[in-house]
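Since the structure comes first, as structure tokens, the remarks are kept for the end.
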Amino acid sequence: MTRVVSVVLVVTFAACGPGASASPDEAATAAVDRPPERFGFGRPAEAAQIAAWDIDVRPDGQGLPPGQGSVSEGEEVYLRRCAQCHGPTGAEVPSLRLVGTQPWEDFPANRAVGNYWPYATTLYDYVVRAMPQDAPGSLTADETYAVIAYVLHRNEIVPADAVMDATTLPAVRMPARDRFVPDDRTGGPTIR
Amino acid sequence: MSEHEIPRQRAIPRRAWLATTTGVIAASVVKTRFDAVDLLAQEPASPDPTKVMGRLVSELGTRSPAEQPRRILRALEPSSSSRTPIAALHGIITPSDLHFERHHAGVPEIDPQRYELLIHGMVERPMVFGLADLKRYPSVSRIHFLECSGNGGGAYSPNRIQTEVTPQQMDGLLSTSEWTGVPMATLLREVGVRPGATWVIAEGGDAALMNRSIPIEKAMDDALIAYGQNGEAIRPEQGYPARVFLPGWEGNTSVKWVRRLELTDQPVMSREETSNYTDPLKGGIARQFSFVMDAKSVITFPTYPYALPDRGWWEIQGVAWTGRGRITRVEISTDRGRSWVPAALQEPVLPLATVRFRHLWNWDGRETILMSRATDETGYVQPTVQQFVEARGERTSYHSNHIRAWKVATTGEVTYGLGDVL
């Protein structure tokens, strides 16, 4: 008797076509696999790849490599690798301005390292990944430290005899350091 | 020139532009910016398409020769941003080839077979994922807007406000797509986030190795590693083969061509989150990590360079969006802001997505100014330009979401009219 009923049901479903669904009771008994916390896809990262790709430089100096560079060495690097875009002294191209100590009242036109960048380490993090634009990442660590020393000096932040390295660079106190505040917008009726 | 300044656009003779939109083609006199007009000006294959067999099927569709919308580039070359023709679109989805662009070192060519995403730092198991690995995870598809925080930065200037400017030129760093990918939270569970990790530093595989620090709360909430856009693979300009996508946040944080996520206990303080994409305010301070895009609406019709050919019924149209959930209300003023009436919101009204609004307007032929004003589910109301400048001062141009204004002259000519409501 049961078998006969089943056959009738199958025929009915077939007539309904592929859009027909099982009865609620049948759906309830269908097994659903619970997704795992981990799927096991991907593969372990090799230390060599992490070392090659991890180029971050943080405000506390984490990530800075060995090496050093002076202001005078940096001027040579700057003129050879940077001046063609940023101008002879770094103050000539408004959209690529590196050197500037003008007050904030002149913003947004005059933002530069000297009056707006809050961390000196950002110069390293940025140069090593993106500069010079025609050959990104091509400067040596010494050249990078040197050109940063030069730019900081041009901005009147370090003296002419300064040498930048993994210890001195994070210790540079930038003029704009305390000007940055966290976002205080929260939605709601207040315009901030 | 930075990305928030208004790019120049080739002059569009108003009469010619109108002719193309109404289908009236006068080939001998029309001279416009669009290639379409040149194509339309050619003799059609047959004057009566019902009397000649049409083109057969093809492997890849193309637009009608008469419909050739284009992104507009910045004035300076080489340009690093292009803008979506928001006034030329219908609905809320931006065709992928018209999605705005903003690159920091061009579009990289990445071999999907060699693509790898490295996740490391404060994790239990540093891991590498190929594209096939990412696609094997449970996927989600969601419709979200993406807006560059520099969008609309030229809408207000204390010195000079342009009048002959299109919505595309002013606010075209805005696009909406259906994004498909794996939740970042799924991948972070796979590698095991260590206690104390509070930030995820995302880095792109472009020639800028562009990096941004993302709070872990966002990473665990609705962040995606996206590989799909509008039903196909993400376009190279949008981050092929995979990108970060952070719904509702300023576009730069959705790092394209992502190749590395590093879990840390501090932000990296990258250039793009210190000297760039921060907002100088009044009082000599600057807002940092201003991630969320506040509610905003823009009218896309009628706007420059359109001219209303006659008085009577016109449908004012536009889009509204917010990075804080859903748009709940868009209001229209057709009388310089003296009175406001609710516009119709076109379904679907999705969270963190553009919504289209419409308002039927019976123009009496007199000069006036049209404005739109959005409200979101937090009760935030899109500010006037006066409220905006009062809150932020005039030193910042990012996150420009104040109310725009369009002036309709007695001739029907429409121009950007913010200068008339200051």
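Naming scheme: A, B, ... for chains in displayed order of the structure tokens; residues 1 onward per chain; ligands 1 onward as shown.
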
Compute the chain B side of the contact with chain A at 7 Å, counting only C-alpha atoms, and hand it back as a compact mmCIF listing (two decimals) with N, CA and C atoms, in the first residue's frame.
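Now in iface_6.txt:
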```txt
# COMPACT_ATOMS: atom_id res chain seq x y z
N MET B 1 47.46 68.78 -9.55
CA MET B 1 45.99 68.67 -9.49
C MET B 1 45.61 67.36 -8.82
N SER B 2 44.80 67.41 -7.80
CA SER B 2 44.40 66.19 -7.11
C SER B 2 43.04 65.74 -7.61
N ARG B 125 48.23 31.14 11.86
CA ARG B 125 48.75 30.40 10.71
C ARG B 125 48.89 31.35 9.51
N PRO B 126 50.06 31.91 9.28
CA PRO B 126 50.23 32.74 8.07
C PRO B 126 49.94 31.88 6.84
N MET B 127 49.12 32.41 5.93
CA MET B 127 48.69 31.58 4.81
C MET B 127 48.67 32.36 3.51
N VAL B 128 48.70 31.60 2.41
CA VAL B 128 48.63 32.16 1.07
C VAL B 128 47.42 31.54 0.37
N PHE B 129 46.65 32.39 -0.29
CA PHE B 129 45.46 31.94 -1.00
C PHE B 129 45.56 32.30 -2.48
N GLY B 130 45.36 31.32 -3.33
CA GLY B 130 45.25 31.60 -4.76
C GLY B 130 43.82 32.02 -5.10
N ASP B 133 41.40 29.29 -4.57
CA ASP B 133 41.10 29.12 -3.14
C ASP B 133 40.02 30.09 -2.71
N ARG B 189 39.19 33.98 9.99
CA ARG B 189 38.97 32.78 10.83
C ARG B 189 39.89 31.65 10.37
N GLU B 190 40.12 31.58 9.06
CA GLU B 190 40.97 30.52 8.52
C GLU B 190 42.39 30.63 9.06
N ALA B 207 51.95 49.14 -8.78
CA ALA B 207 53.30 49.70 -8.70
C ALA B 207 53.44 50.73 -7.58
N ALA B 208 52.33 51.04 -6.88
CA ALA B 208 52.40 51.89 -5.70
C ALA B 208 52.39 51.03 -4.43
N LEU B 209 52.17 49.73 -4.58
CA LEU B 209 51.97 48.85 -3.41
C LEU B 209 51.12 49.58 -2.37
N VAL B 268 49.63 51.49 10.15
CA VAL B 268 50.96 51.70 9.58
C VAL B 268 51.24 53.19 9.39
N MET B 269 50.18 54.00 9.40
CA MET B 269 50.30 55.44 9.13
C MET B 269 50.91 55.66 7.74
N SER B 270 50.29 55.03 6.77
CA SER B 270 50.76 55.15 5.39
C SER B 270 50.49 56.56 4.86
N ARG B 271 51.14 56.87 3.74
CA ARG B 271 50.92 58.18 3.12
C ARG B 271 49.44 58.44 2.88
N THR B 274 47.65 59.64 6.02
CA THR B 274 48.22 60.76 6.78
C THR B 274 48.25 62.03 5.93
N SER B 275 49.11 62.04 4.90
CA SER B 275 49.21 63.25 4.09
C SER B 275 48.13 63.30 3.03
N GLY B 284 43.19 74.48 12.98
CA GLY B 284 44.51 73.90 12.81
C GLY B 284 44.62 72.42 13.12
N ILE B 285 43.51 71.68 13.01
CA ILE B 285 43.55 70.24 13.20
C ILE B 285 43.11 69.55 11.91
N ALA B 286 43.38 68.26 11.84
CA ALA B 286 42.98 67.48 10.67
C ALA B 286 42.36 66.17 11.13
N ARG B 287 41.25 65.83 10.51
CA ARG B 287 40.54 64.59 10.84
C ARG B 287 41.22 63.43 10.11
N GLN B 288 41.51 62.37 10.86
CA GLN B 288 42.18 61.20 10.28
C GLN B 288 41.27 59.98 10.40
N PHE B 289 41.48 59.02 9.51
CA PHE B 289 40.66 57.80 9.46
C PHE B 289 39.18 58.15 9.38
N SER B 290 38.88 59.09 8.50
CA SER B 290 37.48 59.49 8.28
C SER B 290 36.91 58.56 7.21
N THR B 378 20.13 57.09 10.29
CA THR B 378 20.61 57.60 11.59
C THR B 378 20.00 58.95 11.92
N GLY B 379 19.23 59.53 10.98
CA GLY B 379 18.68 60.86 11.19
C GLY B 379 19.57 61.97 10.67
N TYR B 380 20.68 61.58 10.03
CA TYR B 380 21.59 62.56 9.44
C TYR B 380 20.94 63.17 8.21
N VAL B 381 20.97 64.49 8.13
CA VAL B 381 20.39 65.20 6.99
C VAL B 381 21.52 65.87 6.21
N PRO B 383 23.81 68.26 4.63
CA PRO B 383 23.89 69.67 5.04
C PRO B 383 23.84 70.64 3.86
N ALA B 391 30.89 73.69 9.74
CA ALA B 391 31.38 72.54 10.50
C ALA B 391 32.85 72.25 10.22
N ARG B 392 33.28 72.43 8.99
CA ARG B 392 34.61 71.96 8.60
C ARG B 392 35.59 73.05 8.19
N ARG B 395 39.33 74.43 4.48
CA ARG B 395 40.65 73.86 4.17
C ARG B 395 40.56 72.44 3.61
N THR B 396 39.38 71.83 3.70
CA THR B 396 39.27 70.45 3.25
C THR B 396 38.30 70.35 2.08
```

*Those of range 101-334 of chain B in DSSP strand (DSSP E), formatted as a PyMOL selection string*: chain B and resi 101-102+117-121+127-129+140-147+174-183+199-204+211-215+224-229+232-233+243-245+258-264+279-280+286-288+296-301+312-321+327-333

*Kindly give the distance, in Å, that separates CA of Met170 in chain B and CA of Glu315 in chain B, rounded to a single decimal.*
21.3 Å
